[in-house]
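Asker: Just one file: target.txt, with compact mmCIF, C-alpha atoms.
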```
# COMPACT_ATOMS: atom_id res chain seq x y z
CA MET U 1 40.59 -79.51 -11.50
CA LEU U 2 39.61 -77.48 -14.57
CA GLY U 3 37.30 -75.36 -12.40
CA VAL U 4 40.18 -74.48 -10.08
CA ALA U 5 42.39 -73.45 -13.02
CA VAL U 6 39.63 -71.26 -14.49
CA ALA U 7 38.98 -69.64 -11.10
CA ALA U 8 42.70 -68.99 -10.57
CA GLY U 9 43.01 -67.50 -14.05
CA THR U 10 40.02 -65.23 -13.43
CA ILE U 11 41.44 -64.02 -10.13
CA ALA U 12 44.83 -63.34 -11.75
CA ALA U 13 43.18 -61.39 -14.59
CA VAL U 14 41.11 -59.28 -12.19
CA THR U 15 44.13 -58.60 -9.98
CA ALA U 16 46.24 -57.56 -12.98
CA ARG U 17 43.49 -55.21 -14.16
CA HIS U 18 43.25 -53.53 -10.77
CA THR U 19 46.99 -53.06 -10.33
CA SER U 20 47.74 -51.79 -13.83
CA ALA U 21 44.70 -49.58 -14.41
CA GLY U 22 43.76 -48.73 -10.85
CA VAL U 23 40.40 -49.28 -9.26
CA ALA U 24 37.63 -47.05 -10.60
CA GLY U 25 37.39 -43.94 -8.46
CA GLU U 26 40.82 -44.50 -6.91
CA ALA U 27 43.13 -41.49 -7.01
CA LYS U 28 46.09 -41.72 -9.37
CA GLU U 29 49.62 -40.96 -8.27
CA PRO U 30 50.52 -37.28 -8.73
CA CYS U 31 52.67 -36.10 -11.62
CA CYS U 32 55.45 -33.60 -11.00
CA PHE U 33 57.12 -31.25 -13.45
CA THR U 34 59.88 -28.64 -13.42
CA ASN U 35 60.72 -25.73 -15.66
CA PRO U 36 63.58 -23.21 -15.37
CA ARG U 37 61.03 -20.40 -15.79
CA TYR U 38 58.75 -21.75 -13.03
CA THR U 39 59.60 -21.51 -9.34
CA GLY U 40 59.54 -24.85 -7.54
CA VAL U 41 58.03 -28.16 -8.57
CA CYS U 42 54.59 -28.28 -10.15
CA GLN U 43 52.51 -31.19 -8.81
CA VAL U 44 49.37 -32.23 -10.71
CA ALA U 45 46.77 -34.84 -9.76
CA PRO U 46 45.76 -36.34 -13.12
CA ALA U 47 42.06 -36.67 -13.88
CA GLN U 48 40.65 -40.07 -14.82
CA ASP U 49 41.30 -39.51 -18.55
CA GLU U 50 44.76 -37.93 -18.12
CA THR U 51 48.29 -39.28 -17.85
CA CYS U 52 51.53 -37.62 -16.84
CA GLY U 53 52.50 -37.74 -20.51
CA SER U 54 49.35 -35.93 -21.66
CA ILE U 55 49.81 -33.24 -19.00
CA LEU U 56 53.46 -32.79 -20.01
CA ALA U 57 52.44 -32.48 -23.67
CA TYR U 58 49.90 -29.80 -22.69
CA LEU U 59 52.48 -27.84 -20.70
CA ASN U 60 54.95 -27.96 -23.61
CA ASN U 61 52.40 -26.98 -26.27
CA PRO U 62 52.68 -23.21 -26.94
CA ASN U 63 49.05 -23.11 -28.11
CA SER U 64 47.49 -24.82 -25.08
CA SER U 65 45.24 -22.88 -22.74
CA GLY U 66 42.26 -23.41 -20.48
CA LYS U 67 43.56 -25.78 -17.82
CA GLY U 68 44.75 -24.75 -14.39
CA TYR U 69 47.90 -26.86 -14.15
CA CYS U 70 50.72 -25.44 -12.03
CA GLY U 71 48.65 -22.62 -10.58
CA GLY U 72 47.36 -21.64 -14.01
CA THR U 73 50.83 -20.70 -15.24
CA SER U 74 51.20 -19.40 -18.78
CA VAL U 75 54.72 -20.88 -19.06
CA ARG U 76 54.78 -23.18 -22.09
CA GLY U 77 57.74 -25.18 -23.33
CA GLY U 78 60.76 -26.40 -21.41
CA TRP U 79 58.81 -28.61 -18.97
CA GLN U 80 60.29 -31.91 -17.83
CA GLN U 81 58.79 -34.65 -15.71
CA ALA U 82 60.40 -34.81 -12.27
CA SER U 83 60.29 -36.87 -9.12
CA CYS U 84 57.53 -35.93 -6.68
CA GLU U 85 59.74 -36.75 -3.67
```
Output the structure of this file as structure tokens.
Answerer:
Amino acid sequence: MLGVAVAAGTIAAVTARHTSAGVAGEAKEPCCFTNPRYTGVCQVAPAQDETCGSILAYLNNPNSSGKGYCGGTSVRGGWQQASCE
């Protein structure tokens, strides 16, 4: 009986890891942002080490440069996360 409990616990732990962190190599959900000075909705596919929050922080940092988010826009500040629907 102990073996069954250990196996069930292991399966639950592995399942939780895959659903919360995603499977390695699996694409993350896109992040969407809006800004009154940007036309339309900016949609970004986060890299493995990025989150929607880190991308939003980059877009709102007046000193950030070097990434091609939102078509390489130079608009900084005023970005808000939005629905991708």
Asker: Please compute the atom CA of U:Glu29-atom CA of U:Pro46 distance, one decimal, in Å.
Answerer: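 About the pair atom CA of U:Glu29 and atom CA of U:Pro46: they are 7.7 Å apart.
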Asker: For a quick check of understanding, using all atoms listed in the file, which of U:Tyr69, U:Thr34, U:Glu85, U:Thr39 has the smallest distance to U:Ser54?
Answerer: U:Tyr69
Asker: In terms of the shortest atom-to-atom distance over all atoms listed in the file, which of U:Trp79, U:Lys28, U:Gln48, U:Cys42 is closest to U:Asn60?
Answerer: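 Smallest separation from U:Asn60 among the options: U:Trp79.
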Asker: Return the single residue from U:Gly40, U:Asn35, U:Ala27, U:Ala47 that is closest to U:Ser74, with distances computed using all atoms listed in the file.
Answerer: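 Using all atoms listed in the file, U:Ser74 sits closest to U:Asn35.
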Asker: One decimal, Å: what's the distance from atom CA of U:Cys31 over to atom CA of U:Ser64, could you say?
Answerer: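 So the answer is 18.3 Å.
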Asker: Under the rule that all atoms listed in the file are counted, which of U:Val75, U:Asp49, U:Gly66, U:Ile55 is the nearest residue to U:Cys32?
Answerer: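 Nearest to U:Cys32: U:Ile55.
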Asker: If you measure from atom CA of U:Glu50 to atom CA of U:Lys67, what distance in Å do you get, rounded to one decimal?
Answerer: 12.2 Å
Asker: Considering all atoms listed in the file, can you say which of U:Leu56, U:Gly68, U:Ala45, U:Asn63 comes closest to U:Gln80?
Answerer: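 Under the stated criterion, the closest residue is U:Leu56.
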Asker: Check the smallest atom-to-atom distance from each of U:Leu59, U:Cys70, U:Cys84, U:Gly78 to U:Pro30 using all atoms listed in the file, then report the winner.
Answerer: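 Closest to U:Pro30, using all atoms listed in the file: U:Cys84.
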